[in-house]
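The data block below is structure_20.txt; it holds compact mmCIF, C-alpha atoms and all ligand atoms.
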# COMPACT_ATOMS: atom_id res chain seq x y z
CA MET Z 1 108.16 100.16 227.38
CA LYS Z 2 110.11 99.52 224.16
CA ASP Z 3 113.90 99.76 224.34
CA ALA Z 4 113.86 102.28 221.50
CA TYR Z 5 111.86 104.59 223.75
CA ARG Z 6 114.33 104.18 226.61
CA VAL Z 7 117.60 104.29 224.69
CA VAL Z 8 118.69 104.62 221.06
CA PRO Z 9 119.80 101.13 220.01
CA GLY Z 10 122.74 100.46 217.67
CA LEU Z 11 125.18 102.84 219.30
CA ALA Z 12 126.54 100.54 222.00
CA GLU Z 13 129.92 99.88 220.39
CA LEU Z 14 130.62 103.58 219.92
CA GLY Z 15 129.61 104.25 223.54
CA ASP Z 16 131.77 101.41 224.81
CA GLY Z 17 134.87 102.90 223.21
CA ARG Z 18 134.12 106.30 224.70
CA ILE Z 19 133.61 104.84 228.17
CA SER Z 20 136.94 102.99 227.96
CA TYR Z 21 138.68 106.17 226.83
CA ALA Z 22 137.25 108.17 229.78
CA GLU Z 23 138.17 105.38 232.21
CA ARG Z 24 141.86 105.77 231.33
CA SER Z 25 141.72 109.18 233.06
CA MET Z 26 139.69 107.96 236.04
CA PRO Z 27 142.14 106.09 238.31
CA LEU Z 28 140.09 106.47 241.48
CA LEU Z 29 136.96 104.83 240.05
CA SER Z 30 139.06 102.13 238.39
CA ALA Z 31 140.66 101.31 241.75
CA LEU Z 32 137.29 101.41 243.50
CA GLY Z 33 135.77 99.14 240.84
CA ALA Z 34 138.53 96.59 241.52
CA ARG Z 35 138.05 96.93 245.30
CA PHE Z 36 134.25 96.63 245.04
CA LEU Z 37 134.62 93.47 242.95
CA VAL Z 38 136.21 91.82 245.98
CA GLU Z 39 134.25 93.50 248.79
CA ARG Z 40 130.83 93.54 247.05
CA PRO Z 41 129.43 96.36 249.24
CA PHE Z 42 126.20 96.58 247.20
CA GLU Z 43 125.43 92.86 246.92
CA GLY Z 44 121.66 92.45 246.56
CA LEU Z 45 121.00 96.21 246.66
CA THR Z 46 119.25 98.35 244.07
CA ILE Z 47 120.66 101.80 243.34
CA ALA Z 48 118.43 104.30 241.51
CA ALA Z 49 120.51 107.00 239.82
CA CYS Z 50 119.57 110.24 238.11
CA LEU Z 51 122.74 111.58 236.50
CA HIS Z 52 123.93 113.18 233.29
CA VAL Z 53 124.37 110.21 230.99
CA THR Z 54 128.00 110.70 230.00
CA ALA Z 55 131.06 108.47 229.65
CA GLU Z 56 132.18 109.54 233.14
CA THR Z 57 128.83 108.53 234.63
CA ALA Z 58 129.15 105.17 232.90
CA VAL Z 59 132.48 104.57 234.64
CA LEU Z 60 130.78 105.23 237.99
CA VAL Z 61 127.89 102.93 237.11
CA ARG Z 62 130.31 100.15 236.18
CA ALA Z 63 132.09 100.53 239.54
CA LEU Z 64 128.74 100.26 241.35
CA ARG Z 65 127.88 97.18 239.28
CA SER Z 66 131.25 95.66 240.26
CA GLY Z 67 130.12 96.11 243.86
CA GLY Z 68 127.07 93.92 243.20
CA ALA Z 69 124.42 96.65 242.72
CA LEU Z 70 121.47 96.46 240.41
CA VAL Z 71 121.54 99.96 238.87
CA ARG Z 72 118.60 101.81 237.34
CA LEU Z 73 119.75 104.98 235.58
CA ALA Z 74 117.66 107.94 234.43
CA ALA Z 75 119.04 111.11 232.85
CA SER Z 76 119.29 114.27 234.94
CA ASN Z 77 118.85 116.45 231.84
CA PRO Z 78 117.53 115.23 228.48
CA LEU Z 79 119.82 117.60 226.57
CA SER Z 80 123.00 116.25 228.15
CA THR Z 81 122.23 112.59 227.45
CA GLN Z 82 124.80 110.92 225.20
CA ASP Z 83 122.79 108.22 223.41
CA ASP Z 84 125.82 106.06 222.66
CA ILE Z 85 126.67 105.88 226.37
CA ALA Z 86 123.07 105.01 227.29
CA ALA Z 87 123.07 102.27 224.63
CA ALA Z 88 126.40 100.81 225.85
CA LEU Z 89 125.22 100.62 229.46
CA ALA Z 90 121.88 99.11 228.50
CA ALA Z 91 123.46 96.54 226.18
CA GLY Z 92 126.57 95.31 227.94
CA ASP Z 93 126.38 96.17 231.60
CA GLY Z 94 123.02 94.88 232.72
CA VAL Z 95 121.96 98.38 233.71
CA GLU Z 96 118.33 99.43 233.37
CA VAL Z 97 118.71 102.69 231.46
CA PHE Z 98 115.92 105.23 230.98
CA ALA Z 99 117.54 108.03 228.99
CA LYS Z 100 117.26 109.39 225.48
CA ALA Z 101 118.61 112.72 224.24
CA GLY Z 102 116.04 115.44 223.67
CA VAL Z 103 112.96 113.77 225.21
CA ASP Z 104 110.20 116.10 226.36
CA ARG Z 105 109.51 117.06 229.97
CA ASP Z 106 106.82 114.41 230.55
CA THR Z 107 109.04 111.61 229.24
CA TYR Z 108 111.91 112.92 231.35
CA TYR Z 109 109.85 112.53 234.54
CA GLU Z 110 108.43 109.22 233.33
CA HIS Z 111 112.00 107.96 232.99
CA ILE Z 112 112.80 109.06 236.54
CA ALA Z 113 109.70 107.28 237.84
CA LEU Z 114 110.74 104.14 235.99
CA ALA Z 115 114.22 104.28 237.55
CA LEU Z 116 112.52 104.45 240.95
CA ALA Z 117 109.76 101.95 240.20
CA PRO Z 118 108.10 103.17 243.41
CA ASP Z 119 104.85 101.34 242.71
CA GLY Z 120 106.56 98.03 243.30
CA THR Z 121 106.22 96.84 239.72
CA ALA Z 122 109.95 96.30 239.35
CA ALA Z 123 111.29 92.80 238.93
CA ASP Z 124 112.80 92.85 242.42
CA GLY Z 125 109.47 93.87 243.89
CA GLY Z 126 110.20 97.33 245.24
CA GLY Z 127 111.96 100.63 245.17
CA PRO Z 128 115.64 101.43 245.61
CA ASP Z 129 117.88 100.76 248.62
CA LEU Z 130 120.18 103.65 247.72
CA VAL Z 131 119.76 106.68 245.49
CA ILE Z 132 122.20 109.00 243.79
CA ASP Z 133 120.96 112.25 242.32
CA ASP Z 134 122.17 115.29 240.41
CA GLY Z 135 119.88 118.27 240.91
CA GLY Z 136 117.27 116.72 243.19
CA ASP Z 137 114.64 115.62 240.66
CA LEU Z 138 114.93 111.93 241.55
CA MET Z 139 114.69 112.51 245.30
CA SER Z 140 111.78 114.93 244.99
CA THR Z 141 109.95 112.52 242.64
CA LEU Z 142 110.58 109.66 245.06
CA HIS Z 143 109.16 111.66 247.96
CA THR Z 144 106.16 112.66 245.87
CA LEU Z 145 105.29 109.24 244.42
CA ALA Z 146 106.48 106.61 246.82
CA ARG Z 147 104.57 104.83 249.53
CA PRO Z 148 105.99 105.12 253.10
CA ALA Z 149 107.28 101.54 252.95
CA VAL Z 150 109.34 102.38 249.88
CA LEU Z 151 110.82 105.45 251.59
CA GLU Z 152 111.59 103.45 254.71
CA ARG Z 153 113.55 100.94 252.65
CA VAL Z 154 115.97 103.62 251.38
CA LEU Z 155 119.22 103.38 253.36
CA GLY Z 156 120.30 106.78 252.12
CA GLY Z 157 121.00 109.02 249.19
CA CYS Z 158 123.81 111.04 247.75
CA GLU Z 159 123.36 114.42 245.98
CA GLY Z 160 126.09 115.81 243.77
CA THR Z 161 125.04 119.40 243.08
CA THR Z 162 124.71 122.53 245.17
CA THR Z 163 121.26 123.13 243.65
CA GLY Z 164 120.09 119.66 244.70
CA VAL Z 165 121.51 120.01 248.21
CA LEU Z 166 119.61 123.29 248.67
CA ARG Z 167 116.38 121.53 247.64
CA LEU Z 168 117.07 118.68 250.08
CA ARG Z 169 117.75 121.13 252.92
CA ARG Z 170 114.35 122.74 252.20
CA MET Z 171 112.77 119.25 252.28
CA ALA Z 172 114.47 118.55 255.63
CA ALA Z 173 113.36 121.92 257.00
CA ASP Z 174 109.67 121.33 256.24
CA GLY Z 175 109.78 117.74 257.51
CA THR Z 176 109.32 116.09 254.10
CA LEU Z 177 112.70 114.37 253.90
CA ALA Z 178 112.18 110.70 254.72
CA PHE Z 179 115.68 109.19 254.58
CA PRO Z 180 119.23 110.37 255.25
CA VAL Z 181 121.12 112.04 252.43
CA ILE Z 182 124.74 113.03 252.03
CA ALA Z 183 125.64 116.35 250.43
CA ALA Z 184 128.40 115.23 248.11
CA SER Z 185 128.70 118.63 246.41
CA ASP Z 186 129.89 120.13 249.63
CA THR Z 187 133.27 118.66 250.51
CA PRO Z 188 136.60 120.49 250.35
CA VAL Z 189 137.69 118.23 247.49
CA THR Z 190 134.54 118.64 245.38
CA ARG Z 191 134.43 122.38 245.97
CA LEU Z 192 138.01 122.61 244.76
CA VAL Z 193 138.05 120.10 241.94
CA ASP Z 194 134.47 119.90 240.66
CA ASN Z 195 133.01 123.34 241.23
CA ARG Z 196 136.18 125.28 240.80
CA HIS Z 197 138.37 123.53 238.22
CA GLY Z 198 135.73 121.42 236.44
CA THR Z 199 133.36 124.31 235.94
CA ALA Z 200 136.22 126.65 235.08
CA GLN Z 201 137.12 124.53 232.09
CA SER Z 202 133.85 122.99 230.97
CA VAL Z 203 131.73 126.15 231.00
CA ILE Z 204 134.28 127.98 228.89
CA ASP Z 205 134.43 124.88 226.65
CA GLY Z 206 130.63 125.01 226.14
CA LEU Z 207 130.69 128.79 225.60
CA LEU Z 208 133.42 128.57 222.97
CA ARG Z 209 131.95 125.56 221.15
CA ALA Z 210 128.51 127.15 220.92
CA SER Z 211 129.48 130.77 220.20
CA GLY Z 212 133.00 130.62 218.74
CA VAL Z 213 133.66 133.97 220.45
CA LEU Z 214 137.20 135.28 221.03
CA LEU Z 215 137.31 136.06 224.74
CA ALA Z 216 140.47 138.17 224.65
CA GLY Z 217 139.50 141.82 225.04
CA LYS Z 218 135.80 141.08 225.65
CA THR Z 219 133.82 142.25 228.67
CA VAL Z 220 132.52 139.09 230.32
CA VAL Z 221 129.92 139.43 233.07
CA VAL Z 222 129.80 136.51 235.52
CA ALA Z 223 126.67 136.52 237.70
CA GLY Z 224 127.42 134.76 240.99
CA PHE Z 225 130.82 134.41 242.66
CA GLY Z 226 130.41 131.08 244.46
CA ALA Z 227 132.90 128.27 243.80
CA CYS Z 228 131.60 127.89 240.21
CA GLY Z 229 131.55 131.62 239.46
CA VAL Z 230 135.12 132.00 240.77
CA GLY Z 231 136.36 129.30 238.41
CA ILE Z 232 134.53 130.74 235.39
CA ALA Z 233 135.74 134.27 236.14
CA GLU Z 234 139.38 133.21 236.57
CA SER Z 235 139.30 131.17 233.33
CA ALA Z 236 137.78 134.02 231.33
CA ARG Z 237 140.37 136.41 232.75
CA ALA Z 238 143.17 133.97 231.89
CA LEU Z 239 141.95 134.06 228.27
CA GLY Z 240 142.24 137.85 228.19
CA ALA Z 241 138.68 138.90 229.04
CA ARG Z 242 137.82 141.93 231.15
CA VAL Z 243 135.65 140.27 233.81
CA VAL Z 244 132.83 141.93 235.73
CA ILE Z 245 131.23 140.16 238.69
CA THR Z 246 127.68 140.60 239.98
CA GLU Z 247 126.91 139.16 243.42
CA VAL Z 248 124.34 139.51 246.21
CA ASP Z 249 126.52 138.13 249.02
CA PRO Z 250 128.78 140.81 250.56
CA VAL Z 251 131.58 138.39 251.53
CA ARG Z 252 131.74 136.92 248.02
CA ALA Z 253 131.56 140.40 246.50
CA LEU Z 254 134.49 141.44 248.70
CA ASP Z 255 136.39 138.33 247.62
CA ALA Z 256 135.84 139.35 243.98
CA VAL Z 257 137.02 142.92 244.64
CA LEU Z 258 140.17 141.67 246.41
CA ARG Z 259 140.96 139.37 243.48
CA GLY Z 260 140.90 142.44 241.24
CA PHE Z 261 137.52 141.98 239.54
CA LEU Z 262 135.16 144.87 238.92
CA VAL Z 263 131.94 144.29 240.90
CA LEU Z 264 128.75 145.94 239.66
CA PRO Z 265 125.00 145.52 240.04
CA LEU Z 266 123.64 143.58 237.07
CA ALA Z 267 121.64 146.63 235.93
CA ASP Z 268 124.95 148.51 235.46
CA ALA Z 269 126.74 145.54 233.90
CA ALA Z 270 123.93 144.78 231.40
CA PRO Z 271 124.68 147.65 228.96
CA ILE Z 272 128.46 147.05 228.93
CA GLY Z 273 128.75 143.24 228.89
CA GLU Z 274 129.53 141.36 225.69
CA VAL Z 275 129.24 137.87 227.21
CA PHE Z 276 127.00 137.01 230.19
CA ILE Z 277 127.37 133.78 232.18
CA THR Z 278 125.00 133.01 235.05
CA ALA Z 279 126.24 130.80 237.89
CA THR Z 280 124.05 131.70 240.84
CA GLY Z 281 121.82 128.62 241.39
CA SER Z 282 118.96 131.10 241.77
CA ALA Z 283 116.09 132.14 239.47
CA ASP Z 284 115.33 135.32 237.46
CA VAL Z 285 118.90 136.59 237.34
CA ILE Z 286 118.93 138.06 233.81
CA THR Z 287 115.46 139.51 233.26
CA GLY Z 288 113.69 141.40 230.47
CA GLU Z 289 114.93 144.72 231.91
CA HIS Z 290 118.54 143.63 231.52
CA LEU Z 291 117.94 142.14 228.07
CA ALA Z 292 116.36 145.38 226.88
CA VAL Z 293 119.58 147.38 227.39
CA MET Z 294 122.18 144.86 226.22
CA ARG Z 295 124.62 145.57 223.41
CA ASP Z 296 124.12 144.23 219.93
CA GLY Z 297 125.75 140.79 219.70
CA ALA Z 298 125.71 140.08 223.43
CA ILE Z 299 126.03 136.37 224.21
CA LEU Z 300 124.00 134.71 226.99
CA ALA Z 301 124.96 131.44 228.68
CA ASN Z 302 123.85 129.71 231.86
CA ALA Z 303 126.11 127.50 233.99
CA GLY Z 304 123.52 126.79 236.70
CA HIS Z 305 121.85 123.38 236.96
CA PHE Z 306 118.34 124.59 236.01
CA ASP Z 307 117.25 126.80 233.10
CA VAL Z 308 115.75 129.46 235.36
CA GLU Z 309 118.58 131.99 235.56
CA ILE Z 310 118.05 133.68 232.16
CA ASP Z 311 114.47 134.73 231.43
CA VAL Z 312 114.19 133.00 228.04
CA ARG Z 313 110.47 133.79 227.80
CA ALA Z 314 111.18 137.50 228.18
CA LEU Z 315 113.84 137.20 225.47
CA ALA Z 316 111.37 135.49 223.14
CA ALA Z 317 108.77 138.18 223.89
CA LEU Z 318 111.23 140.97 223.09
CA ALA Z 319 112.35 139.37 219.81
CA VAL Z 320 110.80 139.99 216.40
CA ALA Z 321 112.55 136.96 214.92
CA VAL Z 322 114.58 133.98 216.11
CA GLN Z 323 117.15 132.25 213.94
CA SER Z 324 117.75 128.81 215.41
CA ASP Z 325 121.08 127.03 215.32
CA VAL Z 326 123.20 129.82 213.85
CA ARG Z 327 125.84 127.52 215.32
CA PRO Z 328 125.13 124.23 217.11
CA HIS Z 329 123.40 125.15 220.39
CA ALA Z 330 123.21 128.87 219.57
CA ASP Z 331 120.01 130.75 218.69
CA ALA Z 332 120.01 134.39 217.51
CA TYR Z 333 117.19 136.60 218.82
CA GLU Z 334 116.59 139.70 216.69
CA LEU Z 335 115.16 142.67 218.55
CA PRO Z 336 112.92 145.37 216.95
CA ASP Z 337 115.74 147.97 216.88
CA GLY Z 338 118.00 145.63 214.90
CA ARG Z 339 120.09 144.39 217.84
CA CYS Z 340 120.70 140.68 218.07
CA LEU Z 341 121.29 138.59 221.23
CA LEU Z 342 122.76 135.10 221.05
CA LEU Z 343 121.31 132.56 223.51
CA LEU Z 344 123.37 129.42 224.07
CA ALA Z 345 121.97 125.97 224.89
CA GLU Z 346 118.43 127.39 225.26
CA GLY Z 347 119.52 128.83 228.61
CA ARG Z 348 120.21 125.34 229.97
CA VAL Z 349 123.42 124.24 231.63
CA VAL Z 350 125.89 125.16 228.91
CA ASN Z 351 128.81 122.91 229.85
CA LEU Z 352 126.71 119.75 229.55
CA VAL Z 353 124.46 120.77 226.65
CA ALA Z 354 127.01 122.43 224.34
CA ALA Z 355 130.04 120.47 225.60
CA ASN Z 356 130.59 117.18 227.44
CA GLY Z 357 130.58 118.44 231.03
CA HIS Z 358 133.53 118.22 233.37
CA PRO Z 359 136.58 116.30 232.21
CA PRO Z 360 137.00 112.69 233.41
CA GLU Z 361 139.76 113.60 235.90
CA VAL Z 362 137.29 115.89 237.69
CA MET Z 363 134.38 113.45 237.64
CA ASP Z 364 136.74 110.73 238.89
CA LEU Z 365 137.08 112.55 242.19
CA ALA Z 366 133.47 113.73 242.39
CA PHE Z 367 132.03 110.30 241.58
CA GLY Z 368 134.73 108.48 243.56
CA ILE Z 369 133.62 110.34 246.67
CA GLU Z 370 129.99 109.46 245.90
CA ALA Z 371 130.84 105.78 245.35
CA LEU Z 372 132.70 105.62 248.67
CA THR Z 373 129.78 107.41 250.35
CA LEU Z 374 127.23 104.96 248.93
CA ALA Z 375 129.37 102.04 250.10
CA ARG Z 376 129.48 103.59 253.58
CA LEU Z 377 125.68 104.02 253.59
CA ALA Z 378 125.25 100.41 252.43
CA GLY Z 379 127.52 99.07 255.17
CA GLN Z 380 126.02 101.07 258.06
CA ALA Z 381 124.60 98.80 260.77
CA ASP Z 382 121.79 101.29 261.45
CA ARG Z 383 120.36 103.86 259.08
CA LEU Z 384 121.73 107.36 259.77
CA PRO Z 385 119.29 109.89 261.25
CA VAL Z 386 117.01 111.47 258.63
CA ALA Z 387 118.84 114.68 257.76
CA VAL Z 388 121.22 116.19 255.19
CA HIS Z 389 124.69 115.07 256.31
CA PRO Z 390 128.15 116.14 255.17
CA VAL Z 391 130.43 113.60 253.51
CA PRO Z 392 132.50 111.97 256.27
CA SER Z 393 135.86 113.77 256.17
CA ASP Z 394 137.84 110.52 256.02
CA ILE Z 395 136.16 109.75 252.68
CA ASP Z 396 137.28 113.07 251.21
CA ALA Z 397 140.85 112.47 252.42
CA GLU Z 398 140.86 108.87 251.18
CA ALA Z 399 139.73 109.94 247.70
CA ALA Z 400 142.42 112.65 247.53
CA ARG Z 401 145.07 110.17 248.76
CA MET Z 402 144.09 107.54 246.19
CA VAL Z 403 144.26 110.05 243.32
CA LEU Z 404 147.64 111.39 244.48
CA ALA Z 405 148.92 107.80 244.65
CA ALA Z 406 147.64 107.12 241.12
CA LEU Z 407 149.41 110.26 239.90
CA GLY Z 408 152.60 109.15 241.61
CA THR Z 409 152.64 112.28 243.79
CA ARG Z 410 154.30 111.68 247.15
CA THR Z 411 153.68 113.89 250.19
CA ASP Z 412 155.19 114.30 253.67
CA SER Z 413 153.54 113.05 256.85
CA LEU Z 414 153.64 114.47 260.34
CA THR Z 415 156.33 113.10 262.66
CA PRO Z 416 155.21 111.75 266.07
CA ALA Z 417 156.74 114.89 267.66
CA GLN Z 418 154.73 117.13 265.31
CA ARG Z 419 151.56 115.21 266.10
CA SER Z 420 152.00 115.67 269.82
CA TYR Z 421 152.90 119.36 269.34
CA LEU Z 422 149.70 119.92 267.36
CA ALA Z 423 147.63 117.96 269.89
CA SER Z 424 148.79 119.99 272.88
CA TRP Z 425 147.86 123.47 274.06
CA ARG Z 426 150.97 123.86 276.32
CA LEU Z 427 153.61 126.27 275.03
CA GLY Z 428 156.79 124.54 273.92
CA SER Z 429 155.48 121.02 274.51
N1 LIG Z 501 128.41 116.93 235.74
C1 LIG Z 501 129.32 117.78 235.24
N2 LIG Z 501 130.09 117.17 234.33
C2 LIG Z 501 129.68 115.88 234.23
C3 LIG Z 501 130.09 114.77 233.47
N3 LIG Z 501 131.10 114.84 232.60
N4 LIG Z 501 129.43 113.62 233.66
C4 LIG Z 501 128.42 113.54 234.54
N5 LIG Z 501 127.99 114.56 235.27
C5 LIG Z 501 128.61 115.73 235.14
Kindly transcribe the structure held in the file into structure tokens.
Ligand code: ADE
Amino acid sequence: MKDAYRVVPGLAELGDGRISYAERSMPLLSALGARFLVERPFEGLTIAACLHVTAETAVLVRALRSGGALVRLAASNPLSTQDDIAAALAAGDGVEVFAKAGVDRDTYYEHIALALAPDGTAADGGGPDLVIDDGGDLMSTLHTLARPAVLERVLGGCEGTTTGVLRLRRMAADGTLAFPVIAASDTPVTRLVDNRHGTAQSVIDGLLRASGVLLAGKTVVVAGFGACGVGIAESARALGARVVITEVDPVRALDAVLRGFLVLPLADAAPIGEVFITATGSADVITGEHLAVMRDGAILANAGHFDVEIDVRALAALAVAVQSDVRPHADAYELPDGRCLLLLAEGRVVNLVAANGHPPEVMDLAFGIEALTLARLAGQADRLPVAVHPVPSDIDAEAARMVLAALGTRTDSLTPAQRSYLASWRLGS
């Protein structure tokens, strides 16, 4: 395959500068890169990665390379690929990159297959030893294409999104999962930093870049009140929006009520909302019925990993005309009665398509935890049992400690007397 098909050449210098700039805000991965250079936890191992090709991802990839890994990188969404970053990694870092912005669906999966090389055509004669995924497409492709020997070779995998972890749990439940995986999206630190604060900022960033809307005074409907939905709702409220939550889970709905949000069924929210943001991880959230009753000018954005939350086909079927790119990443759908609905980022994940995803500080922690997890998987004497495992809690704490140290934040520690008090059940001991 020609390089021009895999990456856009000629952009490496630009990408290099952007990677260095992101790295300045990623102290955990910088420290891990330096540690890995000495410890070489991935010496002789191949890591297949399917990630958004951003500057932050490049900093992770460089840390893995410092640890001795051969890295093959495919994009986890063709619309989020930053071609300059792909070019920089392919040119200067010895990474096999299969990513180009805007490629079609077939090429996207072809790139993933190439990153896996499951047919044994790769230079090193086989598939990966470790995998790292964002959304589950790499792991599901690997399980679909690979021979048993290739699956047996995999020491383990790491998945960074809630959507991907749900897919892996379904694979484990029906007996398909063939190697151990770690759910990196599901640690206290990632829930707090990545889902909550990262999403809170980057989704609003994507919404504002693509629509230019003033949020103050607007009615913003957030569908889904998980960790991501909470962050989006709080950010929109902080910018002066009147926020309505829709939710199917009673505990989350109660949480929203107690935080002072109005909770409504989506059918009731549809005619009053001015901005709609889906963050459920599920499919068919905003359907044709909702679209049919929305106000003129309503804006639609999706924050979920896959483009299945807003029924874009139903929107196209309702429309008499579509004006593309009324702003970058915003298409206006004109309905027969003269109303117009604005769809952002084609209904794909808006923070990565219309903006640059989470800020580097956030990805530093998320990817730092994944790098430490991969190193743990690589160093394990025996492969873990085949299942979806949580991130070992000491890794979460170590990542948080390293970032606090880099920030110069000091904390207290328990005294020996406090330790023994907390370890005992006897009163007054
Ligand atoms: N997921 C969310 N934000 C990201 C970023 N900046 N880079 C890679 N993956 C991401």
Take the point (110.1, 139.6, 227.0) as written in the file and pick out every residue within 10 Å of it, counting only C-alpha atoms; give the list as an MDAnalysis selection string.
chainID Z and resid 287:289 291:292 311:319
Given the selection you just returned, output its residues as a file containing C-alpha atoms, formatted as a PDB file, in the coordinates of the input.
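Full text of again09.pdb as output:
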ATOM      1  CA  THR Z 287     115.460 139.510 233.260  1.00  0.00           C
ATOM      2  CA  GLY Z 288     113.690 141.400 230.470  1.00  0.00           C
ATOM      3  CA  GLU Z 289     114.930 144.720 231.910  1.00  0.00           C
ATOM      4  CA  LEU Z 291     117.940 142.140 228.070  1.00  0.00           C
ATOM      5  CA  ALA Z 292     116.360 145.380 226.880  1.00  0.00           C
ATOM      6  CA  ASP Z 311     114.470 134.730 231.430  1.00  0.00           C
ATOM      7  CA  VAL Z 312     114.190 133.000 228.040  1.00  0.00           C
ATOM      8  CA  ARG Z 313     110.470 133.790 227.800  1.00  0.00           C
ATOM      9  CA  ALA Z 314     111.180 137.500 228.180  1.00  0.00           C
ATOM     10  CA  LEU Z 315     113.840 137.200 225.470  1.00  0.00           C
ATOM     11  CA  ALA Z 316     111.370 135.490 223.140  1.00  0.00           C
ATOM     12  CA  ALA Z 317     108.770 138.180 223.890  1.00  0.00           C
ATOM     13  CA  LEU Z 318     111.230 140.970 223.090  1.00  0.00           C
ATOM     14  CA  ALA Z 319     112.350 139.370 219.810  1.00  0.00           C
TER      15      ALA Z 319
END
Distance CA of Arg170 (chain Z)-CA of Val131 (chain Z), one decimal place?
18.2 Å
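Environment of ligand LIG 501 (chain Z), defined as every protein or nucleic acid residue with an atom within 9 Å of it and counting all atoms listed in the file, comprises Leu51, His52, Val53, Thr54, Ala55, Glu56, Thr57, Ala58, Ser76, Ser80, Asp134, Gly160, Thr161, Asp194, Asn195, Gly198, Thr199, Ser202, Asn351, Leu352, Asn356, Gly357, His358, Pro359, Pro360, Val362, Met363, Ala366 and Phe367 of chain Z.
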Just-selected residues, C-alpha atoms written as a PDB file, in the coordinates of the input:
ATOM      1  CA  LEU Z  51     122.740 111.580 236.500  1.00  0.00           C
ATOM      2  CA  HIS Z  52     123.930 113.180 233.290  1.00  0.00           C
ATOM      3  CA  VAL Z  53     124.370 110.210 230.990  1.00  0.00           C
ATOM      4  CA  THR Z  54     128.000 110.700 230.000  1.00  0.00           C
ATOM      5  CA  ALA Z  55     131.060 108.470 229.650  1.00  0.00           C
ATOM      6  CA  GLU Z  56     132.180 109.540 233.140  1.00  0.00           C
ATOM      7  CA  THR Z  57     128.830 108.530 234.630  1.00  0.00           C
ATOM      8  CA  ALA Z  58     129.150 105.170 232.900  1.00  0.00           C
ATOM      9  CA  SER Z  76     119.290 114.270 234.940  1.00  0.00           C
ATOM     10  CA  SER Z  80     123.000 116.250 228.150  1.00  0.00           C
ATOM     11  CA  ASP Z 134     122.170 115.290 240.410  1.00  0.00           C
ATOM     12  CA  GLY Z 160     126.090 115.810 243.770  1.00  0.00           C
ATOM     13  CA  THR Z 161     125.040 119.400 243.080  1.00  0.00           C
ATOM     14  CA  ASP Z 194     134.470 119.900 240.660  1.00  0.00           C
ATOM     15  CA  ASN Z 195     133.010 123.340 241.230  1.00  0.00           C
ATOM     16  CA  GLY Z 198     135.730 121.420 236.440  1.00  0.00           C
ATOM     17  CA  THR Z 199     133.360 124.310 235.940  1.00  0.00           C
ATOM     18  CA  SER Z 202     133.850 122.990 230.970  1.00  0.00           C
ATOM     19  CA  ASN Z 351     128.810 122.910 229.850  1.00  0.00           C
ATOM     20  CA  LEU Z 352     126.710 119.750 229.550  1.00  0.00           C
ATOM     21  CA  ASN Z 356     130.590 117.180 227.440  1.00  0.00           C
ATOM     22  CA  GLY Z 357     130.580 118.440 231.030  1.00  0.00           C
ATOM     23  CA  HIS Z 358     133.530 118.220 233.370  1.00  0.00           C
ATOM     24  CA  PRO Z 359     136.580 116.300 232.210  1.00  0.00           C
ATOM     25  CA  PRO Z 360     137.000 112.690 233.410  1.00  0.00           C
ATOM     26  CA  VAL Z 362     137.290 115.890 237.690  1.00  0.00           C
ATOM     27  CA  MET Z 363     134.380 113.450 237.640  1.00  0.00           C
ATOM     28  CA  ALA Z 366     133.470 113.730 242.390  1.00  0.00           C
ATOM     29  CA  PHE Z 367     132.030 110.300 241.580  1.00  0.00           C
TER      30      PHE Z 367
END
The distance between CA of Glu398 (chain Z) and CA of Leu384 (chain Z) is 21.0 Å
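Using only C-alpha atoms, the shortest contact distance between Arg383 (chain Z) and any of Z:Gly68, Z:Gly164, Z:Pro180, Z:Gly10 is found at Z:Pro180.
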Any idea what's packed within 12 Å of Arg259 (chain Z), counting all atoms listed in the file, ignoring anything in its chain fewer than 3 positions away? Could you give it as a ChimeraX atom specification?
/Z:225,230,233-234,237,243-245,252-256,262-263
Keeping C-alpha atoms for every residue in the selection just given, could you write it to a file as an mmCIF file, in the frame of the given file?
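The resulting file, out-v4.cif, is reproduced below:
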data_model
loop_
_atom_site.group_PDB
_atom_site.id
_atom_site.type_symbol
_atom_site.label_atom_id
_atom_site.label_comp_id
_atom_site.auth_asym_id
_atom_site.auth_seq_id
_atom_site.Cartn_x
_atom_site.Cartn_y
_atom_site.Cartn_z
ATOM 1 C CA PHE Z 225 130.820 134.410 242.660
ATOM 2 C CA VAL Z 230 135.120 132.000 240.770
ATOM 3 C CA ALA Z 233 135.740 134.270 236.140
ATOM 4 C CA GLU Z 234 139.380 133.210 236.570
ATOM 5 C CA ARG Z 237 140.370 136.410 232.750
ATOM 6 C CA VAL Z 243 135.650 140.270 233.810
ATOM 7 C CA VAL Z 244 132.830 141.930 235.730
ATOM 8 C CA ILE Z 245 131.230 140.160 238.690
ATOM 9 C CA ARG Z 252 131.740 136.920 248.020
ATOM 10 C CA ALA Z 253 131.560 140.400 246.500
ATOM 11 C CA LEU Z 254 134.490 141.440 248.700
ATOM 12 C CA ASP Z 255 136.390 138.330 247.620
ATOM 13 C CA ALA Z 256 135.840 139.350 243.980
ATOM 14 C CA LEU Z 262 135.160 144.870 238.920
ATOM 15 C CA VAL Z 263 131.940 144.290 240.900
#
Using only C-alpha atoms, find the one residue out of Z:His389, Z:Arg327, Z:His290, Z:Arg242 that sits nearest to Val181 (chain Z).
Z:His389
Of Z:Phe98, Z:Phe42, Z:Trp425, Z:Phe36, the one nearest to Gly368 (chain Z) when counting all atoms listed in the file is Z:Phe36
